[in-house]
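What follows is data-v8.cif (mmCIF, C-alpha atoms and all ligand atoms).
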```
data_run
#
loop_
_atom_site.group_PDB
_atom_site.id
_atom_site.type_symbol
_atom_site.label_atom_id
_atom_site.label_comp_id
_atom_site.auth_asym_id
_atom_site.auth_seq_id
_atom_site.Cartn_x
_atom_site.Cartn_y
_atom_site.Cartn_z
ATOM 1 C CA MET A 6 3.631 17.061 -22.461
ATOM 2 C CA SER A 7 3.907 20.680 -21.463
ATOM 3 C CA THR A 8 3.279 23.089 -24.305
ATOM 4 C CA THR A 9 4.683 26.291 -22.788
ATOM 5 C CA PRO A 10 8.411 26.484 -21.920
ATOM 6 C CA ILE A 11 8.967 26.238 -18.191
ATOM 7 C CA GLU A 12 10.815 29.606 -18.106
ATOM 8 C CA ASP A 13 7.681 31.384 -19.365
ATOM 9 C CA LEU A 14 5.467 29.828 -16.704
ATOM 10 C CA ALA A 15 7.575 30.418 -13.598
ATOM 11 C CA PRO A 16 8.447 34.141 -13.347
ATOM 12 C CA TRP A 17 10.489 34.257 -10.125
ATOM 13 C CA THR A 18 14.238 33.934 -9.597
ATOM 14 C CA GLU A 19 15.703 31.480 -7.099
ATOM 15 C CA GLU A 20 16.355 34.384 -4.718
ATOM 16 C CA GLN A 21 12.736 35.521 -4.832
ATOM 17 C CA VAL A 22 11.465 32.015 -4.022
ATOM 18 C CA GLN A 23 13.939 31.632 -1.166
ATOM 19 C CA ALA A 24 13.033 35.034 0.286
ATOM 20 C CA HIS A 25 9.314 34.164 0.077
ATOM 21 C CA LEU A 26 9.917 30.883 1.924
ATOM 22 C CA ARG A 27 12.181 32.510 4.512
ATOM 23 C CA ALA A 28 9.339 34.944 5.271
ATOM 24 C CA GLY A 29 7.309 31.873 6.238
ATOM 25 C CA LYS A 30 4.972 32.066 3.252
ATOM 26 C CA LEU A 31 3.731 29.195 1.121
ATOM 27 C CA VAL A 32 4.009 28.941 -2.637
ATOM 28 C CA GLU A 33 0.450 29.282 -3.914
ATOM 29 C CA GLY A 34 0.914 28.869 -7.658
ATOM 30 C CA LEU A 35 3.067 29.527 -10.703
ATOM 31 C CA GLN A 36 3.290 33.218 -9.740
ATOM 32 C CA HIS A 37 5.519 32.245 -6.776
ATOM 33 C CA MET A 38 7.733 29.774 -8.621
ATOM 34 C CA SER A 39 11.149 29.792 -10.243
ATOM 35 C CA PRO A 40 11.813 27.349 -13.115
ATOM 36 C CA LYS A 41 13.790 25.134 -10.728
ATOM 37 C CA TYR A 42 11.000 25.078 -8.142
ATOM 38 C CA LEU A 43 8.433 24.316 -10.845
ATOM 39 C CA GLU A 44 10.482 21.508 -12.317
ATOM 40 C CA GLY A 45 11.072 19.912 -8.914
ATOM 41 C CA MET A 46 7.433 20.260 -7.882
ATOM 42 C CA ARG A 47 6.278 18.683 -11.131
ATOM 43 C CA ARG A 48 8.644 15.782 -10.553
ATOM 44 C CA ILE A 49 7.498 14.974 -6.994
ATOM 45 C CA LEU A 50 3.810 15.482 -7.867
ATOM 46 C CA THR A 51 4.111 13.148 -10.859
ATOM 47 C CA VAL A 52 5.641 10.381 -8.741
ATOM 48 C CA SER A 53 2.891 10.816 -6.165
ATOM 49 C CA ALA A 54 -0.021 10.924 -8.641
ATOM 50 C CA ASP A 55 1.343 7.996 -10.680
ATOM 51 C CA THR A 56 1.692 5.919 -7.514
ATOM 52 C CA GLU A 57 -1.889 6.620 -6.485
ATOM 53 C CA LEU A 58 -3.185 5.922 -9.989
ATOM 54 C CA VAL A 59 -1.418 2.607 -10.577
ATOM 55 C CA SER A 60 -2.451 1.284 -7.173
ATOM 56 C CA ALA A 61 -6.019 1.211 -8.571
ATOM 57 C CA PRO A 62 -5.532 -1.480 -11.267
ATOM 58 C CA SER A 63 -3.145 -3.354 -8.987
ATOM 59 C CA TYR A 64 -5.659 -3.500 -6.121
ATOM 60 C CA LEU A 65 -8.563 -4.103 -8.505
ATOM 61 C CA ARG A 66 -6.912 -7.220 -9.901
ATOM 62 C CA ALA A 67 -6.336 -8.589 -6.380
ATOM 63 C CA ALA A 68 -9.832 -7.589 -5.208
ATOM 64 C CA SER A 69 -11.318 -10.173 -7.565
ATOM 65 C CA HIS A 70 -10.148 -12.717 -4.959
ATOM 66 C CA ALA A 71 -12.211 -11.129 -2.172
ATOM 67 C CA PRO A 72 -13.644 -13.851 0.076
ATOM 68 C CA ALA A 73 -17.101 -12.199 0.219
ATOM 69 C CA LEU A 74 -19.007 -9.390 -1.439
ATOM 70 C CA ASN A 75 -18.698 -6.969 1.495
ATOM 71 C CA ASN A 76 -14.910 -7.487 1.439
ATOM 72 C CA PHE A 77 -14.923 -6.675 -2.263
ATOM 73 C CA GLY A 78 -16.833 -3.514 -1.342
ATOM 74 C CA SER A 79 -14.113 -2.471 1.135
ATOM 75 C CA ALA A 80 -11.446 -2.998 -1.526
ATOM 76 C CA MET A 81 -13.458 -0.962 -4.019
ATOM 77 C CA SER A 82 -13.767 1.927 -1.584
ATOM 78 C CA ILE A 83 -9.985 1.908 -1.160
ATOM 79 C CA ILE A 84 -9.578 1.924 -4.949
ATOM 80 C CA GLN A 85 -12.001 4.834 -5.194
ATOM 81 C CA ASP A 86 -9.907 6.743 -2.637
ATOM 82 C CA GLU A 87 -6.745 6.071 -4.640
ATOM 83 C CA LEU A 88 -8.307 7.417 -7.825
ATOM 84 C CA ALA A 89 -9.337 10.561 -5.954
ATOM 85 C CA HIS A 90 -5.789 10.920 -4.587
ATOM 86 C CA ALA A 91 -4.410 10.560 -8.115
ATOM 87 C CA HIS A 92 -6.878 13.177 -9.333
ATOM 88 C CA ILE A 93 -5.608 15.688 -6.760
ATOM 89 C CA GLY A 94 -2.044 15.259 -8.024
ATOM 90 C CA TYR A 95 -2.878 15.430 -11.731
ATOM 91 C CA ARG A 96 -5.191 18.390 -11.242
ATOM 92 C CA LEU A 97 -2.366 20.289 -9.524
ATOM 93 C CA LEU A 98 -0.027 19.304 -12.362
ATOM 94 C CA GLY A 99 -2.633 20.702 -14.765
ATOM 95 C CA ASP A 100 -2.491 23.983 -12.840
ATOM 96 C CA LEU A 101 1.296 23.862 -13.244
ATOM 97 C CA GLY A 102 1.003 23.824 -17.026
ATOM 98 C CA VAL A 103 1.196 20.092 -17.732
ATOM 99 C CA ASP A 104 -1.198 18.574 -20.285
ATOM 100 C CA MET A 105 -3.295 16.262 -18.083
ATOM 101 C CA ASP A 106 -4.685 14.162 -20.950
ATOM 102 C CA TRP A 107 -1.190 13.419 -22.157
ATOM 103 C CA LEU A 108 0.013 12.708 -18.645
ATOM 104 C CA ILE A 109 -2.736 10.217 -17.785
ATOM 105 C CA TYR A 110 -3.976 8.799 -21.060
ATOM 106 C CA GLU A 111 -1.292 9.205 -23.698
ATOM 107 C CA ARG A 112 1.987 8.797 -21.852
ATOM 108 C CA PRO A 113 3.810 5.527 -22.660
ATOM 109 C CA ALA A 114 3.619 2.973 -19.818
ATOM 110 C CA PRO A 115 7.389 2.834 -19.108
ATOM 111 C CA ASP A 116 7.388 6.620 -18.519
ATOM 112 C CA PHE A 117 5.133 6.366 -15.471
ATOM 113 C CA LYS A 118 7.065 7.158 -12.292
ATOM 114 C CA TYR A 119 5.516 5.003 -9.546
ATOM 115 C CA PRO A 120 7.634 2.681 -7.373
ATOM 116 C CA TYR A 121 8.694 -0.612 -8.928
ATOM 117 C CA ALA A 122 6.772 -2.565 -6.230
ATOM 118 C CA PHE A 123 3.497 -1.931 -8.067
ATOM 119 C CA ASP A 124 4.886 -3.621 -11.185
ATOM 120 C CA VAL A 125 4.844 -6.935 -9.345
ATOM 121 C CA PRO A 126 1.347 -8.498 -9.407
ATOM 122 C CA LEU A 127 -0.777 -9.035 -6.310
ATOM 123 C CA ASP A 128 -2.279 -12.479 -6.872
ATOM 124 C CA SER A 129 -4.567 -13.056 -3.899
ATOM 125 C CA TRP A 130 -6.653 -11.429 -1.193
ATOM 126 C CA VAL A 131 -3.830 -12.088 1.273
ATOM 127 C CA GLU A 132 -1.404 -10.202 -0.974
ATOM 128 C CA LEU A 133 -3.854 -7.317 -1.248
ATOM 129 C CA VAL A 134 -4.197 -6.910 2.522
ATOM 130 C CA CYS A 135 -0.410 -7.276 2.918
ATOM 131 C CA ALA A 136 -0.073 -4.453 0.374
ATOM 132 C CA ASN A 137 -2.455 -2.353 2.474
ATOM 133 C CA ALA A 138 -0.279 -2.994 5.535
ATOM 134 C CA LEU A 139 3.040 -2.326 3.750
ATOM 135 C CA TYR A 140 2.469 -0.174 0.656
ATOM 136 C CA ASP A 141 -0.255 2.052 2.082
ATOM 137 C CA GLN A 142 1.933 2.483 5.156
ATOM 138 C CA ALA A 143 4.705 3.676 2.840
ATOM 139 C CA GLY A 144 2.289 6.056 1.153
ATOM 140 C CA PHE A 145 1.168 7.308 4.549
ATOM 141 C CA VAL A 146 4.748 7.930 5.734
ATOM 142 C CA LEU A 147 5.678 9.787 2.536
ATOM 143 C CA LEU A 148 2.525 11.881 2.322
ATOM 144 C CA SER A 149 2.501 12.750 6.036
ATOM 145 C CA ASP A 150 5.977 14.143 5.520
ATOM 146 C CA VAL A 151 4.800 16.205 2.539
ATOM 147 C CA TYR A 152 1.734 17.318 4.512
ATOM 148 C CA HIS A 153 3.872 18.626 7.358
ATOM 149 C CA SER A 154 6.729 20.061 5.326
ATOM 150 C CA SER A 155 5.603 20.973 1.824
ATOM 151 C CA THR A 156 5.971 24.607 0.824
ATOM 152 C CA PHE A 157 3.353 24.238 -1.943
ATOM 153 C CA GLY A 158 0.112 25.394 -0.281
ATOM 154 C CA PRO A 159 -2.520 23.795 -2.562
ATOM 155 C CA TRP A 160 -0.982 20.315 -2.206
ATOM 156 C CA LYS A 161 -0.380 20.694 1.528
ATOM 157 C CA ARG A 162 -4.041 21.538 2.152
ATOM 158 C CA ALA A 163 -5.350 18.732 -0.063
ATOM 159 C CA LEU A 164 -3.293 16.174 1.851
ATOM 160 C CA ALA A 165 -5.306 16.603 5.054
ATOM 161 C CA LYS A 166 -8.002 14.441 3.438
ATOM 162 C CA VAL A 167 -5.562 12.007 1.810
ATOM 163 C CA ASP A 168 -3.808 11.317 5.114
ATOM 164 C CA LYS A 169 -7.044 10.243 6.796
ATOM 165 C CA GLU A 170 -7.940 7.900 3.954
ATOM 166 C CA GLU A 171 -4.511 6.283 3.911
ATOM 167 C CA THR A 172 -4.980 5.563 7.626
ATOM 168 C CA PHE A 173 -8.145 3.640 6.723
ATOM 169 C CA HIS A 174 -6.267 1.637 4.057
ATOM 170 C CA LEU A 175 -3.474 0.551 6.321
ATOM 171 C CA ARG A 176 -5.910 -0.288 9.121
ATOM 172 C CA HIS A 177 -7.794 -2.442 6.642
ATOM 173 C CA GLY A 178 -4.546 -4.326 6.039
ATOM 174 C CA ARG A 179 -3.657 -4.659 9.703
ATOM 175 C CA THR A 180 -7.131 -5.818 10.756
ATOM 176 C CA TRP A 181 -7.041 -8.571 8.133
ATOM 177 C CA LEU A 182 -3.511 -9.634 9.035
ATOM 178 C CA ARG A 183 -4.419 -9.906 12.720
ATOM 179 C CA LYS A 184 -7.367 -12.084 11.762
ATOM 180 C CA LEU A 185 -5.542 -14.288 9.261
ATOM 181 C CA VAL A 186 -2.510 -15.120 11.450
ATOM 182 C CA LYS A 187 -4.821 -17.009 13.816
ATOM 183 C CA THR A 188 -4.681 -20.110 11.595
ATOM 184 C CA PRO A 189 -1.391 -21.804 10.633
ATOM 185 C CA GLU A 190 -2.379 -21.752 6.938
ATOM 186 C CA GLY A 191 -3.231 -18.055 7.049
ATOM 187 C CA LYS A 192 -0.017 -17.228 8.853
ATOM 188 C CA ALA A 193 2.084 -19.216 6.356
ATOM 189 C CA GLU A 194 0.451 -17.447 3.435
ATOM 190 C CA ILE A 195 1.096 -14.025 4.978
ATOM 191 C CA GLN A 196 4.721 -14.921 5.715
ATOM 192 C CA GLN A 197 5.178 -15.939 2.090
ATOM 193 C CA ALA A 198 3.766 -12.624 0.856
ATOM 194 C CA ILE A 199 5.738 -10.498 3.329
ATOM 195 C CA ASP A 200 8.935 -12.310 2.328
ATOM 196 C CA TRP A 201 8.887 -10.697 -1.112
ATOM 197 C CA MET A 202 6.926 -7.527 -0.327
ATOM 198 C CA PHE A 203 8.953 -6.262 2.642
ATOM 199 C CA MET A 204 12.138 -5.741 0.620
ATOM 200 C CA LEU A 205 10.227 -4.126 -2.233
ATOM 201 C CA THR A 206 8.787 -1.576 0.177
ATOM 202 C CA LEU A 207 12.232 -0.868 1.657
ATOM 203 C CA GLU A 208 13.328 0.018 -1.896
ATOM 204 C CA TRP A 209 10.259 2.257 -2.290
ATOM 205 C CA PHE A 210 11.956 5.078 -0.358
ATOM 206 C CA GLY A 211 14.597 5.331 -3.037
ATOM 207 C CA LEU A 212 18.337 5.736 -3.081
ATOM 208 C CA PRO A 213 20.180 6.068 0.235
ATOM 209 C CA ASP A 214 20.944 9.648 1.280
ATOM 210 C CA ASP A 215 24.555 9.509 0.083
ATOM 211 C CA ARG A 216 23.320 8.669 -3.456
ATOM 212 C CA LYS A 217 20.295 10.959 -3.644
ATOM 213 C CA GLN A 218 19.975 12.891 -6.918
ATOM 214 C CA HIS A 219 17.294 15.530 -6.434
ATOM 215 C CA SER A 220 18.454 17.625 -3.500
ATOM 216 C CA GLU A 221 15.951 20.415 -4.288
ATOM 217 C CA GLN A 222 13.275 18.214 -2.713
ATOM 218 C CA LEU A 223 14.797 18.987 0.675
ATOM 219 C CA ASP A 224 16.335 22.403 -0.135
ATOM 220 C CA TYR A 225 12.971 23.730 -1.221
ATOM 221 C CA GLY A 226 10.953 22.079 1.486
ATOM 222 C CA PHE A 227 9.035 19.848 -0.936
ATOM 223 C CA LYS A 228 9.443 17.293 1.771
ATOM 224 C CA GLY A 229 10.974 17.435 5.233
ATOM 225 C CA LYS A 230 12.839 14.166 5.728
ATOM 226 C CA SER A 231 15.505 12.354 3.745
ATOM 227 C CA ASN A 232 14.953 8.959 2.071
ATOM 228 C CA ASP A 233 16.778 7.103 4.825
ATOM 229 C CA ALA A 234 14.833 8.928 7.558
ATOM 230 C CA LEU A 235 11.546 8.028 5.839
ATOM 231 C CA ARG A 236 12.687 4.401 5.482
ATOM 232 C CA GLN A 237 13.298 4.440 9.247
ATOM 233 C CA ASP A 238 9.824 5.881 9.876
ATOM 234 C CA TRP A 239 8.256 3.108 7.810
ATOM 235 C CA MET A 240 10.220 0.376 9.625
ATOM 236 C CA SER A 241 9.279 1.877 12.989
ATOM 237 C CA GLU A 242 5.625 1.235 12.104
ATOM 238 C CA VAL A 243 5.904 -2.051 10.240
ATOM 239 C CA VAL A 244 8.594 -4.005 12.123
ATOM 240 C CA PRO A 245 6.948 -3.845 15.599
ATOM 241 C CA PHE A 246 3.572 -4.698 14.064
ATOM 242 C CA MET A 247 4.981 -7.775 12.314
ATOM 243 C CA GLU A 248 6.714 -8.836 15.530
ATOM 244 C CA GLU A 249 3.395 -8.453 17.362
ATOM 245 C CA ILE A 250 1.572 -10.787 14.970
ATOM 246 C CA GLY A 251 4.468 -13.270 14.758
ATOM 247 C CA ILE A 252 5.546 -12.593 11.179
ATOM 248 C CA ALA A 253 9.314 -12.558 10.561
ATOM 249 C CA VAL A 254 10.893 -9.595 8.765
ATOM 250 C CA PRO A 255 14.598 -9.021 8.019
ATOM 251 C CA ALA A 256 14.952 -5.910 10.206
ATOM 252 C CA HIS A 257 15.072 -5.112 13.915
ATOM 253 C CA LEU A 258 15.433 -2.186 16.287
ATOM 254 C CA ASP A 259 19.033 -1.749 17.412
ATOM 255 C CA GLN A 260 18.671 -0.349 20.915
ATOM 256 C CA ASP A 261 22.242 1.010 21.059
ATOM 257 C CA GLN A 262 21.963 2.948 17.808
ATOM 258 C CA GLY A 263 18.324 3.828 18.445
ATOM 259 C CA LYS A 264 17.431 2.935 14.871
ATOM 260 C CA PHE A 265 16.201 0.072 12.736
ATOM 261 C CA VAL A 266 18.787 -2.125 11.087
ATOM 262 C CA ILE A 267 18.237 -4.301 8.007
ATOM 263 C CA ASP A 268 19.364 -7.876 8.702
ATOM 264 C CA CYS A 269 20.062 -9.011 5.156
ATOM 265 C CA PRO A 270 21.922 -7.739 2.102
ATOM 266 C CA PHE A 271 20.363 -4.517 0.807
ATOM 267 C CA PRO A 272 19.811 -3.763 -1.993
ATOM 268 C CA ARG A 273 19.458 -7.203 -3.541
ATOM 269 C CA ARG A 274 18.809 -8.856 -6.866
ATOM 270 C CA PHE A 275 15.117 -9.626 -7.328
ATOM 271 C CA ASP A 276 13.773 -12.439 -9.488
ATOM 272 C CA GLU A 277 10.520 -10.903 -10.663
ATOM 273 C CA GLN A 278 9.083 -14.144 -12.016
ATOM 274 C CA GLN A 279 9.721 -16.202 -8.872
ATOM 275 C CA ARG A 280 9.328 -13.141 -6.596
ATOM 276 C CA THR A 281 12.444 -14.125 -4.644
ATOM 277 C CA TRP A 282 15.432 -12.161 -3.326
ATOM 278 C CA HIS A 283 19.048 -13.079 -3.978
ATOM 279 C CA GLU A 284 22.599 -11.710 -3.586
ATOM 280 C CA GLU A 285 23.500 -8.105 -2.776
ATOM 281 C CA ILE A 286 23.839 -5.826 -5.803
ATOM 282 C CA SER A 287 24.716 -2.178 -6.401
ATOM 283 C CA TRP A 288 22.152 0.613 -6.531
ATOM 284 C CA ASP A 289 23.085 1.082 -10.199
ATOM 285 C CA GLU A 290 21.725 -2.389 -10.890
ATOM 286 C CA VAL A 291 18.573 -1.597 -8.917
ATOM 287 C CA LEU A 292 18.118 1.568 -10.977
ATOM 288 C CA LYS A 293 18.419 -0.541 -14.117
ATOM 289 C CA ARG A 294 15.581 -2.832 -12.938
ATOM 290 C CA TRP A 295 13.439 0.156 -11.953
ATOM 291 C CA ARG A 296 13.957 1.857 -15.315
ATOM 292 C CA ALA A 297 13.125 -1.301 -17.266
ATOM 293 C CA ARG A 298 9.882 -1.478 -15.240
ATOM 294 C CA GLY A 299 8.384 -4.776 -14.071
ATOM 295 C CA PRO A 300 5.939 -7.424 -15.286
ATOM 296 C CA MET A 301 2.610 -5.567 -14.841
ATOM 297 C CA ASN A 302 3.596 -2.067 -16.011
ATOM 298 C CA ARG A 303 2.089 -2.217 -19.497
ATOM 299 C CA GLU A 304 -1.032 -4.124 -18.504
ATOM 300 C CA TYR A 305 -1.897 -1.739 -15.664
ATOM 301 C CA VAL A 306 -1.335 1.404 -17.720
ATOM 302 C CA GLN A 307 -3.312 -0.143 -20.577
ATOM 303 C CA THR A 308 -6.196 -0.806 -18.140
ATOM 304 C CA LEU A 309 -6.155 2.895 -17.221
ATOM 305 C CA GLN A 310 -5.826 4.203 -20.789
ATOM 306 C CA ARG A 311 -8.063 1.776 -22.715
ATOM 307 C CA GLY A 312 -11.321 3.715 -22.456
ATOM 308 C CA TYR A 313 -9.681 6.949 -23.586
ATOM 309 C CA GLN A 314 -8.302 5.203 -26.632
ATOM 310 C CA THR A 315 -11.486 3.318 -27.601
ATOM 311 C CA THR A 316 -14.205 5.843 -26.733
ATOM 312 C CA SER A 317 -14.381 9.182 -28.491
ATOM 313 C CA LEU A 318 -15.674 11.956 -26.244
ATOM 314 C CA ARG A 319 -15.265 14.747 -28.819
ATOM 315 C CA ARG A 320 -13.012 16.549 -26.401
ATOM 316 C CA GLY A 321 -13.533 20.279 -26.213
ATOM 317 C CA ALA A 322 -16.957 20.019 -27.872
HETATM 318 FE FE FE B 1 -3.614 6.919 -1.792
HETATM 319 FE FE FE B 2 -3.884 3.996 -0.071
#
```
Please express the file's structure as structure tokens.
Ligand SMILES: [Fe+2]
Ligand SMILES: [Fe+2]
Amino acid sequence: MSTTPIEDLAPWTEEQVQAHLRAGKLVEGLQHMSPKYLEGMRRILTVSADTELVSAPSYLRAASHAPALNNFGSAMSIIQDELAHAHIGYRLLGDLGVDMDWLIYERPAPDFKYPYAFDVPLDSWVELVCANALYDQAGFVLLSDVYHSSTFGPWKRALAKVDKEETFHLRHGRTWLRKLVKTPEGKAEIQQAIDWMFMLTLEWFGLPDDRKQHSEQLDYGFKGKSNDALRQDWMSEVVPFMEEIGIAVPAHLDQDQGKFVIDCPFPRRFDEQQRTWHEEISWDEVLKRWRARGPMNREYVQTLQRGYQTTSLRRGA
């Protein structure tokens, strides 16, 4: 929880921020922020850091199914990267006046802001490498956009490293998928995983542009592309790859429109116990599911917060 009121931390007016950006300069810290800029930057940074952080317990749980020790090692190095990515985000939030201990270790699980997809458990090695191919690709698309467009200098510069590591994660996924589709059993298992994970990753990019709530993300150059444009970018990477390896996905490139089209109802009702997709629903109903969080939310956050709660470090001593 922030202790100082946002108005006292961010001294600039909207006009000053806009003039600074129009002059082609980056925002380097609180001294260049208006309350609105600060609030928006905190929001997008929190989503990003929470996503990185929760991927660690999610991937760790699945990594226990690694077929061999060296494969477990690869998964652990990905997890280590994710924790470092999370640290970048939280550290920047600390610089923006947010209490980092509260944010990471004391915040209630349902208040974490990562995409709903991570609330659904990954139960096997196959599901882990499918997550690398789909979820890390989503992370790559989103963070590349921030890297190219963000007006917040410290985050922009830090993302040069993050981008390279995300490339390694999604290559890890793709290399495994290429290998596993060679047997009918492997291919069937991947198809089963992609069937529930593909739609969850489509949702990851958020509300369609005509329903988007936080327009300052684009107005202020926090990111460059809209949700729908980013969803297109993700499909342009994932759909051709899945076609190449013979895995069916409910989307295709429409040559006439020059864009990817989803071939099934979207958004849809999701049965989180069976991990199956059903009839088309409204975005309001999707928002309700997101806000309620999914099956693994509490367990994952508890995994991350347990040591803080059980081990006294005499903070500040
Ligand atoms: Fe990451
Ligand atoms: Fe990643």
Expected answer as a PyMOL selection string: residues within 6 Å of ligand FE 1 (chain B), all atoms listed in the file = chain A and resi 57+87+90+171
Around ligand FE 2 (chain B), at most 12 Å away and counting all atoms listed in the file, which residues are there? Put them as a PyMOL selection string, please.
-> chain A and resi 53-54+56-61+63-64+80-91+133-134+136-148+166-178
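Distances from A:Arg66, A:Arg273, A:Arg47, A:Arg112 to A:Phe227 were compared using all atoms listed in the file, and the smallest one belongs to A:Arg47.
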Once the PyMOL selection byres (((chain A and resi 201-211) around 9) and not hetatm) has been applied to the shown file, what residues remain in the selection, as number ranges by chain?
-> A: 120-122, 132, 135-136, 139-140, 143, 147, 197-200, 212-214, 217, 232-233, 235-236, 239-240, 254-255, 271-273, 275, 280-282, 291
To test the calculation: enclose all listed atoms of stretch 252-259 of chain A in a box whose edges run along x, y and z, add 4 Å on each side, then state centre and edge lengths in Å to one decimal, as AutoDock Vina command-line options.
```
--center_x 12.3 --center_y -7.2 --center_z 12.7 --size_x 21.5 --size_y 18.8 --size_z 17.4
```
How many Å separate atom CA of A:Glu242 from atom CA of A:Val266?
-> 13.6 Å
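The interatomic distance for the pair atom CA of A:Ser69 and atom CA of A:Trp107 works out to 29.5 Å.
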Using the chain letters and numbering of this document, enumerate as a PyMOL selection string the residues selected by the PyMOL selection byres (((chain A and resi 251) around 12) and not hetatm).
-> chain A and resi 182-183+185-189+191-193+195-196+199+244-250+252-254
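Put simply, the PyMOL selection byres (((chain A and resi 226) around 10) and not hetatm) on this file hits A:Leu26, A:Val151, A:His153, A:Ser154, A:Ser155, A:Thr156, A:Phe157, A:Glu221, A:Gln222, A:Leu223, A:Asp224, A:Tyr225, A:Phe227, A:Lys228, A:Gly229, A:Lys230.
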Which residue gives the smallest distance to A:Tyr313 among A:Ile109, A:Ala234, A:Leu43, A:Leu65, with all atoms listed in the file counted?
-> A:Ile109
Could you pull the residues within 9 Å of stretch 70-74 of chain A, counting only C-alpha atoms, minus those fewer than 6 positions along the same chain, as a list in words?
-> Ala80, Asp128, Ser129, Trp130 and Val131 of chain A
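The coordinates place atom CA of A:Thr315 at 19.8 Å from atom CA of A:Asp104.
Proximity to A:Gln307 was assessed for A:Glu20, A:Met105, A:Phe117, A:Leu35 counting only C-alpha atoms; the smallest distance is recorded for A:Phe117.
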Give me stretch 242-255 of chain A with N, CA, C and O atoms filled in, as a JSON list (two decimals), keeping the file's coordinate frame.
```json
[["chain", "number", "residue", "atom", "x", "y", "z"],
["A", 242, "GLU", "N", 7.03, 1.62, 12.06],
["A", 242, "GLU", "CA", 5.62, 1.24, 12.10],
["A", 242, "GLU", "C", 5.45, -0.25, 11.80],
["A", 242, "GLU", "O", 4.68, -0.95, 12.45],
["A", 243, "VAL", "N", 6.16, -0.71, 10.77],
["A", 243, "VAL", "CA", 5.90, -2.05, 10.24],
["A", 243, "VAL", "C", 6.59, -3.15, 11.06],
["A", 243, "VAL", "O", 5.98, -4.19, 11.34],
["A", 244, "VAL", "N", 7.85, -2.93, 11.45],
["A", 244, "VAL", "CA", 8.59, -4.00, 12.12],
["A", 244, "VAL", "C", 7.94, -4.40, 13.46],
["A", 244, "VAL", "O", 7.67, -5.58, 13.68],
["A", 245, "PRO", "N", 7.62, -3.44, 14.34],
["A", 245, "PRO", "CA", 6.95, -3.84, 15.60],
["A", 245, "PRO", "C", 5.60, -4.53, 15.36],
["A", 245, "PRO", "O", 5.23, -5.46, 16.07],
["A", 246, "PHE", "N", 4.87, -4.06, 14.36],
["A", 246, "PHE", "CA", 3.57, -4.70, 14.06],
["A", 246, "PHE", "C", 3.77, -6.16, 13.64],
["A", 246, "PHE", "O", 3.06, -7.06, 14.11],
["A", 247, "MET", "N", 4.73, -6.41, 12.78],
["A", 247, "MET", "CA", 4.98, -7.78, 12.31],
["A", 247, "MET", "C", 5.45, -8.65, 13.48],
["A", 247, "MET", "O", 5.06, -9.81, 13.58],
["A", 248, "GLU", "N", 6.28, -8.08, 14.35],
["A", 248, "GLU", "CA", 6.71, -8.84, 15.53],
["A", 248, "GLU", "C", 5.51, -9.20, 16.39],
["A", 248, "GLU", "O", 5.37, -10.32, 16.87],
["A", 249, "GLU", "N", 4.60, -8.24, 16.53],
["A", 249, "GLU", "CA", 3.40, -8.45, 17.36],
["A", 249, "GLU", "C", 2.54, -9.61, 16.84],
["A", 249, "GLU", "O", 2.01, -10.40, 17.61],
["A", 250, "ILE", "N", 2.42, -9.73, 15.52],
["A", 250, "ILE", "CA", 1.57, -10.79, 14.97],
["A", 250, "ILE", "C", 2.37, -12.04, 14.61],
["A", 250, "ILE", "O", 1.84, -12.98, 14.02],
["A", 251, "GLY", "N", 3.66, -12.06, 14.94],
["A", 251, "GLY", "CA", 4.47, -13.27, 14.76],
["A", 251, "GLY", "C", 4.93, -13.53, 13.33],
["A", 251, "GLY", "O", 5.17, -14.67, 12.95],
["A", 252, "ILE", "N", 5.04, -12.45, 12.55],
["A", 252, "ILE", "CA", 5.55, -12.59, 11.18],
["A", 252, "ILE", "C", 6.99, -12.09, 11.15],
["A", 252, "ILE", "O", 7.29, -11.01, 11.66],
["A", 253, "ALA", "N", 7.88, -12.92, 10.58],
["A", 253, "ALA", "CA", 9.31, -12.56, 10.56],
["A", 253, "ALA", "C", 9.62, -11.57, 9.44],
["A", 253, "ALA", "O", 9.13, -11.72, 8.33],
["A", 254, "VAL", "N", 10.41, -10.54, 9.78],
["A", 254, "VAL", "CA", 10.89, -9.60, 8.76],
["A", 254, "VAL", "C", 12.40, -9.38, 8.97],
["A", 254, "VAL", "O", 12.88, -9.46, 10.11],
["A", 255, "PRO", "N", 13.15, -9.14, 7.89],
["A", 255, "PRO", "CA", 14.60, -9.02, 8.02],
["A", 255, "PRO", "C", 15.04, -7.63, 8.48],
["A", 255, "PRO", "O", 15.81, -6.95, 7.80]]
```
